[in-house]
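Enquirer: Below is the file my_file-v1.pdb, with PDB, C-alpha atoms.
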```pdb
MODEL        1
ATOM      1  CA  MET Y   1     -54.450 -94.962-151.811
ATOM      2  CA  THR Y   2     -57.499 -94.042-149.853
ATOM      3  CA  ASP Y   3     -59.139 -95.970-147.061
ATOM      4  CA  PRO Y   4     -62.762 -97.080-147.295
ATOM      5  CA  MET Y   5     -65.503 -95.077-145.602
ATOM      6  CA  ARG Y   6     -67.699 -96.616-142.996
ATOM      7  CA  VAL Y   7     -71.242 -95.975-144.146
ATOM      8  CA  ARG Y   8     -74.475 -97.065-142.540
ATOM      9  CA  ALA Y   9     -77.921 -96.388-143.986
ATOM     10  CA  THR Y  10     -80.985 -97.407-141.991
ATOM     11  CA  MET Y  11     -84.716 -96.939-142.491
ATOM     12  CA  MET Y  12     -86.308 -94.819-139.771
ATOM     13  CA  GLY Y  13     -90.009 -94.744-140.607
ATOM     14  CA  ASP Y  14     -90.226 -93.307-144.125
ATOM     15  CA  LYS Y  15     -86.770 -91.752-143.923
ATOM     16  CA  VAL Y  16     -83.323 -93.127-144.522
ATOM     17  CA  GLU Y  17     -80.739 -92.109-141.968
ATOM     18  CA  VAL Y  18     -77.197 -92.137-143.330
ATOM     19  CA  LYS Y  19     -74.119 -92.014-141.122
ATOM     20  CA  VAL Y  20     -70.687 -91.745-142.693
ATOM     21  CA  LEU Y  21     -67.206 -91.915-141.217
ATOM     22  CA  MET Y  22     -64.510 -91.032-143.721
ATOM     23  CA  SER Y  23     -60.817 -91.694-143.403
ATOM     24  CA  HIS Y  24     -58.942 -88.512-144.306
ATOM     25  CA  VAL Y  25     -56.178 -86.334-142.780
ATOM     26  CA  MET Y  26     -58.047 -83.028-143.410
ATOM     27  CA  GLU Y  27     -54.744 -81.150-143.236
ATOM     28  CA  THR Y  28     -55.314 -77.370-143.077
ATOM     29  CA  GLY Y  29     -51.950 -76.246-144.426
ATOM     30  CA  GLN Y  30     -51.406 -74.095-141.317
ATOM     31  CA  ARG Y  31     -49.977 -76.749-139.038
ATOM     32  CA  LYS Y  32     -46.253 -77.321-138.557
ATOM     33  CA  ASP Y  33     -44.524 -80.636-138.045
ATOM     34  CA  ASN Y  34     -41.917 -81.276-135.323
ATOM     35  CA  ASP Y  35     -39.166 -79.752-137.494
ATOM     36  CA  GLY Y  36     -41.119 -76.536-137.959
ATOM     37  CA  ASN Y  37     -42.034 -77.189-141.589
ATOM     38  CA  ILE Y  38     -45.558 -76.385-142.691
ATOM     39  CA  VAL Y  39     -47.529 -79.531-143.412
ATOM     40  CA  PRO Y  40     -49.044 -79.019-146.881
ATOM     41  CA  ALA Y  41     -52.805 -78.633-147.084
ATOM     42  CA  ARG Y  42     -54.864 -81.593-148.107
ATOM     43  CA  TYR Y  43     -58.555 -81.778-147.402
ATOM     44  CA  ILE Y  44     -61.861 -82.932-148.848
ATOM     45  CA  VAL Y  45     -63.579 -80.224-150.915
ATOM     46  CA  ASN Y  46     -66.632 -82.016-152.275
ATOM     47  CA  VAL Y  47     -68.928 -84.633-150.852
ATOM     48  CA  GLY Y  48     -71.890 -86.131-152.656
ATOM     49  CA  ALA Y  49     -74.491 -88.731-151.839
ATOM     50  CA  SER Y  50     -76.834 -90.450-154.264
ATOM     51  CA  CYS Y  51     -79.512 -93.112-154.131
ATOM     52  CA  ASN Y  52     -81.216 -94.780-157.122
ATOM     53  CA  GLY Y  53     -79.472 -92.369-159.484
ATOM     54  CA  ARG Y  54     -80.751 -89.347-157.586
ATOM     55  CA  VAL Y  55     -78.521 -86.877-155.741
ATOM     56  CA  VAL Y  56     -79.609 -86.751-152.096
ATOM     57  CA  LEU Y  57     -76.916 -84.477-150.664
ATOM     58  CA  SER Y  58     -74.072 -82.335-151.931
ATOM     59  CA  ALA Y  59     -71.582 -80.489-149.795
ATOM     60  CA  ASP Y  60     -68.643 -78.119-150.176
ATOM     61  CA  TRP Y  61     -66.061 -78.440-147.451
ATOM     62  CA  GLY Y  62     -63.124 -76.387-146.283
ATOM     63  CA  PRO Y  63     -60.154 -77.455-144.129
ATOM     64  CA  SER Y  64     -61.995 -76.839-140.856
ATOM     65  CA  ILE Y  65     -63.991 -80.044-141.004
ATOM     66  CA  SER Y  66     -62.398 -82.353-138.431
ATOM     67  CA  LYS Y  67     -59.914 -85.055-139.338
ATOM     68  CA  ASN Y  68     -61.577 -88.368-140.276
ATOM     69  CA  PRO Y  69     -64.841 -86.555-141.003
ATOM     70  CA  TYR Y  70     -68.184 -87.639-139.631
ATOM     71  CA  LEU Y  71     -71.389 -86.823-141.453
ATOM     72  CA  ALA Y  72     -75.023 -87.713-140.838
ATOM     73  CA  PHE Y  73     -78.100 -86.762-142.873
ATOM     74  CA  ARG Y  74     -81.618 -88.024-143.670
ATOM     75  CA  PHE Y  75     -83.631 -88.310-146.852
ATOM     76  CA  LYS Y  76     -86.948 -89.672-148.091
ATOM     77  CA  GLY Y  77     -87.963 -91.685-151.142
ATOM     78  CA  ALA Y  78     -85.953 -94.879-150.761
ATOM     79  CA  ALA Y  79     -86.639 -98.339-149.359
ATOM     80  CA  LYS Y  80     -84.832-101.169-147.644
ATOM     81  CA  GLY Y  81     -82.444-102.867-150.064
ATOM     82  CA  ASP Y  82     -81.769 -99.738-152.151
ATOM     83  CA  LYS Y  83     -78.185 -98.610-152.444
ATOM     84  CA  VAL Y  84     -76.669 -95.341-151.199
ATOM     85  CA  THR Y  85     -73.390 -94.131-152.692
ATOM     86  CA  ILE Y  86     -71.137 -91.596-150.959
ATOM     87  CA  THR Y  87     -68.345 -89.876-152.882
ATOM     88  CA  TRP Y  88     -65.668 -87.441-151.816
ATOM     89  CA  SER Y  89     -62.863 -85.643-153.641
ATOM     90  CA  ASP Y  90     -59.943 -83.753-152.105
ATOM     91  CA  THR Y  91     -57.457 -80.986-152.931
ATOM     92  CA  ALA Y  92     -54.891 -83.562-154.100
ATOM     93  CA  GLY Y  93     -57.281 -84.707-156.835
ATOM     94  CA  GLU Y  94     -57.957 -87.994-155.091
ATOM     95  CA  SER Y  95     -61.515 -89.246-154.836
ATOM     96  CA  ARG Y  96     -63.335 -92.192-153.402
ATOM     97  CA  SER Y  97     -66.810 -93.753-153.605
ATOM     98  CA  ASP Y  98     -68.353 -96.275-151.285
ATOM     99  CA  GLU Y  99     -71.715 -97.962-151.613
ATOM    100  CA  VAL Y 100     -73.935 -99.433-148.930
ATOM    101  CA  THR Y 101     -77.321-101.187-148.886
ATOM    102  CA  ILE Y 102     -80.112 -99.587-146.872
ATOM    103  CA  LEU Y 103     -80.987-101.745-143.854
TER
ATOM    104  CA  MET S   1     -34.352 -27.542-149.041
ATOM    105  CA  GLN S   2     -35.926 -29.013-152.138
ATOM    106  CA  GLN S   3     -33.440 -31.863-152.544
ATOM    107  CA  PRO S   4     -33.560 -33.415-149.048
ATOM    108  CA  ARG S   5     -37.336 -33.294-149.091
ATOM    109  CA  ARG S   6     -37.458 -35.168-152.402
ATOM    110  CA  THR S   7     -35.018 -37.849-151.241
ATOM    111  CA  PHE S   8     -37.014 -38.169-148.087
ATOM    112  CA  LEU S   9     -40.218 -38.736-150.071
ATOM    113  CA  VAL S  10     -38.532 -41.258-152.355
ATOM    114  CA  ARG S  11     -37.085 -43.101-149.389
ATOM    115  CA  ALA S  12     -40.440 -43.110-147.661
ATOM    116  CA  GLY S  13     -42.058 -44.488-150.801
ATOM    117  CA  GLN S  14     -39.507 -47.269-151.033
ATOM    118  CA  LEU S  15     -39.968 -48.151-147.401
ATOM    119  CA  GLY S  16     -43.718 -48.251-147.866
ATOM    120  CA  LEU S  17     -43.413 -50.568-150.853
ATOM    121  CA  ALA S  18     -41.013 -52.839-149.008
ATOM    122  CA  GLY S  19     -43.391 -52.957-146.073
ATOM    123  CA  MET S  20     -46.290 -53.871-148.295
ATOM    124  CA  ALA S  21     -44.281 -56.598-150.014
ATOM    125  CA  ALA S  22     -43.300 -58.056-146.656
ATOM    126  CA  ALA S  23     -46.885 -57.984-145.460
ATOM    127  CA  SER S  24     -48.240 -59.617-148.592
ATOM    128  CA  GLY S  25     -45.513 -62.258-148.430
ATOM    129  CA  LEU S  26     -46.561 -63.031-144.890
ATOM    130  CA  LEU S  27     -50.205 -63.155-145.886
ATOM    131  CA  SER S  28     -49.672 -65.531-148.764
ATOM    132  CA  ARG S  29     -47.825 -67.804-146.401
ATOM    133  CA  LEU S  30     -50.709 -67.783-143.947
ATOM    134  CA  VAL S  31     -53.460 -68.097-146.508
ATOM    135  CA  ASN S  32     -53.655 -71.446-148.205
ATOM    136  CA  ALA S  33     -52.480 -71.005-151.782
ATOM    137  CA  GLU S  34     -54.483 -73.927-153.158
ATOM    138  CA  GLU S  35     -57.865 -72.634-152.066
ATOM    139  CA  THR S  36     -59.531 -70.689-154.860
ATOM    140  CA  ARG S  37     -63.203 -70.723-153.820
ATOM    141  CA  PRO S  38     -63.939 -67.158-152.698
ATOM    142  CA  ALA S  39     -66.216 -68.074-149.786
ATOM    143  CA  PHE S  40     -63.571 -70.359-148.338
ATOM    144  CA  THR S  41     -60.836 -67.714-148.494
ATOM    145  CA  ALA S  42     -62.910 -65.109-146.640
ATOM    146  CA  THR S  43     -61.447 -64.300-143.241
ATOM    147  CA  SER S  44     -64.581 -62.764-141.730
ATOM    148  CA  ILE S  45     -68.244 -63.687-141.680
ATOM    149  CA  PRO S  46     -69.392 -60.563-143.608
ATOM    150  CA  ASP S  47     -66.831 -61.323-146.341
ATOM    151  CA  ALA S  48     -67.967 -64.944-146.504
ATOM    152  CA  TRP S  49     -71.598 -63.817-146.789
ATOM    153  CA  LYS S  50     -70.637 -61.528-149.647
ATOM    154  CA  ALA S  51     -68.842 -64.366-151.439
ATOM    155  CA  LEU S  52     -71.916 -66.550-150.964
ATOM    156  CA  GLY S  53     -74.158 -63.891-152.483
ATOM    157  CA  VAL S  54     -75.854 -63.174-149.172
ATOM    158  CA  SER S  55     -76.441 -59.488-148.526
ATOM    159  CA  ASP S  56     -78.737 -59.813-145.551
ATOM    160  CA  ALA S  57     -79.930 -62.586-143.312
ATOM    161  CA  LYS S  58     -82.403 -62.469-140.466
ATOM    162  CA  GLN S  59     -81.716 -64.071-137.132
ATOM    163  CA  SER S  60     -84.158 -66.945-136.693
ATOM    164  CA  THR S  61     -85.218 -69.183-133.829
ATOM    165  CA  ASP S  62     -86.444 -71.815-136.301
ATOM    166  CA  ILE S  63     -82.957 -73.195-136.732
ATOM    167  CA  ALA S  64     -82.062 -75.771-134.108
ATOM    168  CA  PHE S  65     -78.339 -75.687-133.433
ATOM    169  CA  LYS S  66     -76.796 -78.288-131.167
ATOM    170  CA  ALA S  67     -73.158 -77.922-130.148
ATOM    171  CA  PRO S  68     -71.369 -78.243-126.799
ATOM    172  CA  ASP S  69     -71.160 -75.082-124.621
ATOM    173  CA  ILE S  70     -67.620 -76.054-123.754
ATOM    174  CA  ALA S  71     -65.427 -78.055-126.096
ATOM    175  CA  GLU S  72     -62.452 -79.718-124.464
ATOM    176  CA  ASN S  73     -60.862 -80.395-127.823
ATOM    177  CA  GLY S  74     -61.209 -77.670-130.446
ATOM    178  CA  ALA S  75     -60.113 -80.078-133.179
ATOM    179  CA  VAL S  76     -63.307 -82.127-132.885
ATOM    180  CA  VAL S  77     -66.437 -80.138-132.070
ATOM    181  CA  PRO S  78     -69.678 -81.970-132.870
ATOM    182  CA  VAL S  79     -72.363 -79.770-134.420
ATOM    183  CA  GLU S  80     -75.911 -80.623-135.396
ATOM    184  CA  ILE S  81     -78.192 -78.252-137.277
ATOM    185  CA  GLU S  82     -81.796 -78.694-138.215
ATOM    186  CA  SER S  83     -83.792 -76.042-140.035
ATOM    187  CA  LYS S  84     -87.526 -75.825-139.426
ATOM    188  CA  LEU S  85     -87.858 -73.103-142.061
ATOM    189  CA  PRO S  86     -89.913 -74.127-145.114
ATOM    190  CA  ASN S  87     -88.064 -74.805-148.375
ATOM    191  CA  THR S  88     -84.600 -74.809-146.884
ATOM    192  CA  ARG S  89     -82.088 -75.120-149.720
ATOM    193  CA  SER S  90     -78.778 -75.120-147.905
ATOM    194  CA  ILE S  91     -77.062 -74.851-144.544
ATOM    195  CA  THR S  92     -73.653 -73.185-144.253
ATOM    196  CA  LEU S  93     -71.425 -73.412-141.192
ATOM    197  CA  LEU S  94     -69.148 -70.517-140.309
ATOM    198  CA  VAL S  95     -66.770 -70.252-137.354
ATOM    199  CA  GLU S  96     -66.195 -66.591-136.546
ATOM    200  CA  LYS S  97     -62.694 -66.802-135.069
ATOM    201  CA  ASN S  98     -61.190 -69.420-137.395
ATOM    202  CA  PRO S  99     -58.489 -68.228-139.837
ATOM    203  CA  HIS S 100     -61.060 -68.792-142.579
ATOM    204  CA  ALA S 101     -64.585 -68.385-141.306
ATOM    205  CA  MET S 102     -66.402 -70.727-143.652
ATOM    206  CA  SER S 103     -66.298 -74.350-142.693
ATOM    207  CA  ALA S 104     -68.772 -76.128-144.955
ATOM    208  CA  SER S 105     -71.930 -75.770-146.970
ATOM    209  CA  PHE S 106     -74.565 -78.482-147.441
ATOM    210  CA  THR S 107     -77.162 -78.401-150.213
ATOM    211  CA  PHE S 108     -80.406 -80.313-149.846
ATOM    212  CA  PRO S 109     -82.262 -81.514-152.945
ATOM    213  CA  GLU S 110     -86.026 -82.162-152.766
ATOM    214  CA  GLY S 111     -86.658 -85.101-150.433
ATOM    215  CA  THR S 112     -83.645 -84.563-148.183
ATOM    216  CA  GLU S 113     -84.279 -83.229-144.688
ATOM    217  CA  PRO S 114     -82.686 -79.866-143.843
ATOM    218  CA  PHE S 115     -80.585 -81.552-141.184
ATOM    219  CA  ILE S 116     -76.881 -82.115-140.843
ATOM    220  CA  SER S 117     -74.609 -83.547-138.206
ATOM    221  CA  THR S 118     -70.831 -83.305-138.465
ATOM    222  CA  ARG S 119     -67.663 -82.307-136.582
ATOM    223  CA  VAL S 120     -65.689 -79.115-137.067
ATOM    224  CA  LYS S 121     -62.417 -77.574-135.925
ATOM    225  CA  VAL S 122     -62.716 -74.475-133.753
ATOM    226  CA  ALA S 123     -59.405 -72.643-133.234
ATOM    227  CA  GLU S 124     -60.471 -70.687-130.136
ATOM    228  CA  THR S 125     -63.615 -69.748-128.216
ATOM    229  CA  SER S 126     -65.939 -68.482-130.923
ATOM    230  CA  LEU S 127     -69.450 -67.985-132.139
ATOM    231  CA  ILE S 128     -70.467 -70.565-134.729
ATOM    232  CA  HIS S 129     -72.981 -69.365-137.298
ATOM    233  CA  ALA S 130     -75.468 -71.541-139.140
ATOM    234  CA  LEU S 131     -76.626 -69.727-142.262
ATOM    235  CA  VAL S 132     -79.763 -71.119-143.873
ATOM    236  CA  LYS S 133     -80.803 -70.277-147.416
ATOM    237  CA  THR S 134     -84.505 -70.710-148.178
ATOM    238  CA  ASP S 135     -86.887 -69.672-150.947
ATOM    239  CA  ALA S 136     -88.054 -66.889-148.625
ATOM    240  CA  GLY S 137     -84.600 -65.432-147.993
ATOM    241  CA  ASN S 138     -81.635 -66.057-145.750
ATOM    242  CA  PHE S 139     -81.669 -66.748-142.032
ATOM    243  CA  TYR S 140     -79.068 -67.519-139.412
ATOM    244  CA  THR S 141     -78.537 -68.490-135.826
ATOM    245  CA  THR S 142     -75.426 -68.567-133.663
ATOM    246  CA  LYS S 143     -74.028 -70.664-130.853
ATOM    247  CA  LEU S 144     -71.087 -69.807-128.622
ATOM    248  CA  VAL S 145     -68.604 -72.619-128.178
ATOM    249  CA  LYS S 146     -65.919 -72.198-125.535
ATOM    250  CA  VAL S 147     -62.721 -73.995-126.388
ATOM    251  CA  THR S 148     -60.693 -74.902-123.315
ATOM    252  CA  LEU S 149     -57.899 -76.662-125.183
ATOM    253  CA  GLY S 150     -57.213 -75.342-128.662
ATOM    254  CA  GLY S 151     -55.463 -77.328-131.364
ATOM    255  CA  CYS S 152     -52.123 -76.071-129.992
ATOM    256  CA  GLY S 153     -52.707 -77.048-126.373
ATOM    257  CA  GLY S 154     -53.342 -73.426-125.326
TER
ENDMDL
END
```
Can the structure in the file be given as structure tokens, please?

Expert:
Amino acid sequence: MTDPMRVRATMMGDKVEVKVLMSHVMETGQRKDNDGNIVPARYIVNVGASCNGRVVLSADWGPSISKNPYLAFRFKGAAKGDKVTITWSDTAGESRSDEVTIL
Amino acid sequence: MQQPRRTFLVRAGQLGLAGMAAASGLLSRLVNAEETRPAFTATSIPDAWKALGVSDAKQSTDIAFKAPDIAENGAVVPVEIESKLPNTRSITLLVEKNPHAMSASFTFPEGTEPFISTRVKVAETSLIHALVKTDAGNFYTTKLVKVTLGGCGG
């Protein structure tokens, strides 16, 4: 099970500003738990954003993005009421998409 | 004289092999086994550049890089990068002193601003590099972030 992202997309002039807060452990695989066992790696490797069927951002991530990742970006060519979809997939093969309406 | 010398050489060879095996065992334990993307397994910035197909990059002042001078918590270091270079295709973040230098790469399709804001982990006081790929070549800028409290409370 994955937790929903918190996504906010707002018009700023002719641009859409997107702010995303994901819920993910972003475990590096180098950390040890209290018993000294290595905590297995698990982190987001791909992030994508699309709007009106058009890709507006794609990203490749490693384990050094902070836990519960934050991401902000801006794009042009969309209007109030359009939908922005954010998708991530991680090393465990889990993925999640969340959609938000541009305000 | 011949015999002892040969046994010595053989012994030395065996020791060398054992040493190498031990070292590689240690390495594979340190390096994440699941990661297969070459750029993300690079341990230094030059190696990461090579894996990204970047042979040279010019230092540029047209890349705005915002990050704290001193980070109290290395696990959450906010970074903001904006490229003013025309036709910016991607921005890649690399932390020099992290076990694996490359942190993330962002690709901007037409219509998306060459701007990104996120948070990264910085293991110890280190230069952070922002590598920008454009149609006119590769550029980079750096920012020193001092980490007062690393992930391990050091």

Enquirer: Carefully work through the ChimeraX specification (/S :<6) & /Y for this structure and note down the residues it includes, as a list in words.

Expert: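 Written out, the selection comes to Val56, Leu57, Ser58, Ala59, Asp60, Trp61, Gly62, Ser64, Ile65, Ser66, Tyr70, Leu71, Ala72, Phe73, Arg74, Phe75 and Lys76 of chain Y.
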
Enquirer: Run the PyMOL selection byres ((chain S and resi 67) around 9) against the file shown and list the residues it catches, as a VMD selection string.

Expert: chain S and resid 65 to 66 68 to 71 77 to 81 143 to 145

Enquirer: For the atom pair CA of Thr28 in chain Y and CA of Ser89 in chain Y, what is the interatomic distance in Å to one decimal place?

Expert: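 CA of Thr28 in chain Y sits 15.4 Å away from CA of Ser89 in chain Y.
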
Enquirer: Name the residues that the PyMOL selection byres ((chain Y and resi 53) around 12) pulls out of this structure, and write them as a PDB file with C-alpha atoms, in the coordinates of the input.

Expert:
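In the end it all went to expr-v6.pdb:
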```
ATOM      1  CA  GLY Y  48     -71.890 -86.131-152.656  1.00  0.00           C
ATOM      2  CA  ALA Y  49     -74.491 -88.731-151.839  1.00  0.00           C
ATOM      3  CA  SER Y  50     -76.834 -90.450-154.264  1.00  0.00           C
ATOM      4  CA  CYS Y  51     -79.512 -93.112-154.131  1.00  0.00           C
ATOM      5  CA  ASN Y  52     -81.216 -94.780-157.122  1.00  0.00           C
ATOM      6  CA  ARG Y  54     -80.751 -89.347-157.586  1.00  0.00           C
ATOM      7  CA  VAL Y  55     -78.521 -86.877-155.741  1.00  0.00           C
ATOM      8  CA  VAL Y  56     -79.609 -86.751-152.096  1.00  0.00           C
ATOM      9  CA  GLY Y  77     -87.963 -91.685-151.142  1.00  0.00           C
ATOM     10  CA  ALA Y  78     -85.953 -94.879-150.761  1.00  0.00           C
ATOM     11  CA  ASP Y  82     -81.769 -99.738-152.151  1.00  0.00           C
ATOM     12  CA  LYS Y  83     -78.185 -98.610-152.444  1.00  0.00           C
ATOM     13  CA  VAL Y  84     -76.669 -95.341-151.199  1.00  0.00           C
ATOM     14  CA  THR Y  85     -73.390 -94.131-152.692  1.00  0.00           C
ATOM     15  CA  ILE Y  86     -71.137 -91.596-150.959  1.00  0.00           C
TER      16      ILE Y  86
END
```

Enquirer: Can you work out which one of Y:Val45, Y:Asn68, Y:Lys80, Y:Ala92 has the shortest atom-to-atom distance to Gly13 in chain Y, counting only C-alpha atoms?

Expert: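 Residue with the minimum atom-to-atom distance to Gly13 in chain Y: Y:Lys80.
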
Enquirer: Please work out which residues fall within 10 Å of (-88.4, -75.8, -140.9), coordinates as given in the file, with only C-alpha atoms counting, and return them as a ChimeraX atom specification.

Expert: /S:62-64,82-88,113-115,134

Enquirer: Can you measure CA of Lys32 in chain Y to CA of Lys97 in chain S for me? One decimal in Å is fine.

Expert: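 Computing it gives 19.8 Å between the two atoms.
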
Enquirer: May I ask which of the residues S:Thr125, S:Thr43, S:Gln59, S:Thr36 is the closest one to Phe139 in chain S, counting only C-alpha atoms?

Expert: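 Looking only at the distances to Phe139 in chain S, the closest residue turns out to be S:Gln59.
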
Enquirer: Kindly indicate which residue among S:Gly53, S:Glu124, S:Leu131, S:Arg89 lies nearest to Glu72 in chain S, using all atoms listed in the file for the distances.

Expert: S:Glu124

Enquirer: Rounded to one decimal in Å, what is the spacing between CA of Arg96 in chain Y and CA of Asp3 in chain Y?

Expert: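 If I compute the distance from CA of Arg96 in chain Y to CA of Asp3 in chain Y, I get 8.5 Å.
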
Enquirer: Mind working out the centre and edge lengths of an axis-aligned box for range 124-143 of chain S, all listed atoms inside, 4 Å added to each side, rounded to one decimal in Å and written as JSON?

Expert:
```
{"center_x": -74.3, "center_y": -68.5, "center_z": -139.6, "size_x": 35.6, "size_y": 14.1, "size_z": 30.7}
```

Enquirer: Counting all atoms listed in the file, which residue out of Y:Thr91, Y:Thr10, Y:Thr2, Y:Thr101 sits closest to Ile44 in chain Y?

Expert: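 Checking each of Y:Thr91, Y:Thr10, Y:Thr2, Y:Thr101 against Ile44 in chain Y, counting all atoms listed in the file, the winner is Y:Thr91.
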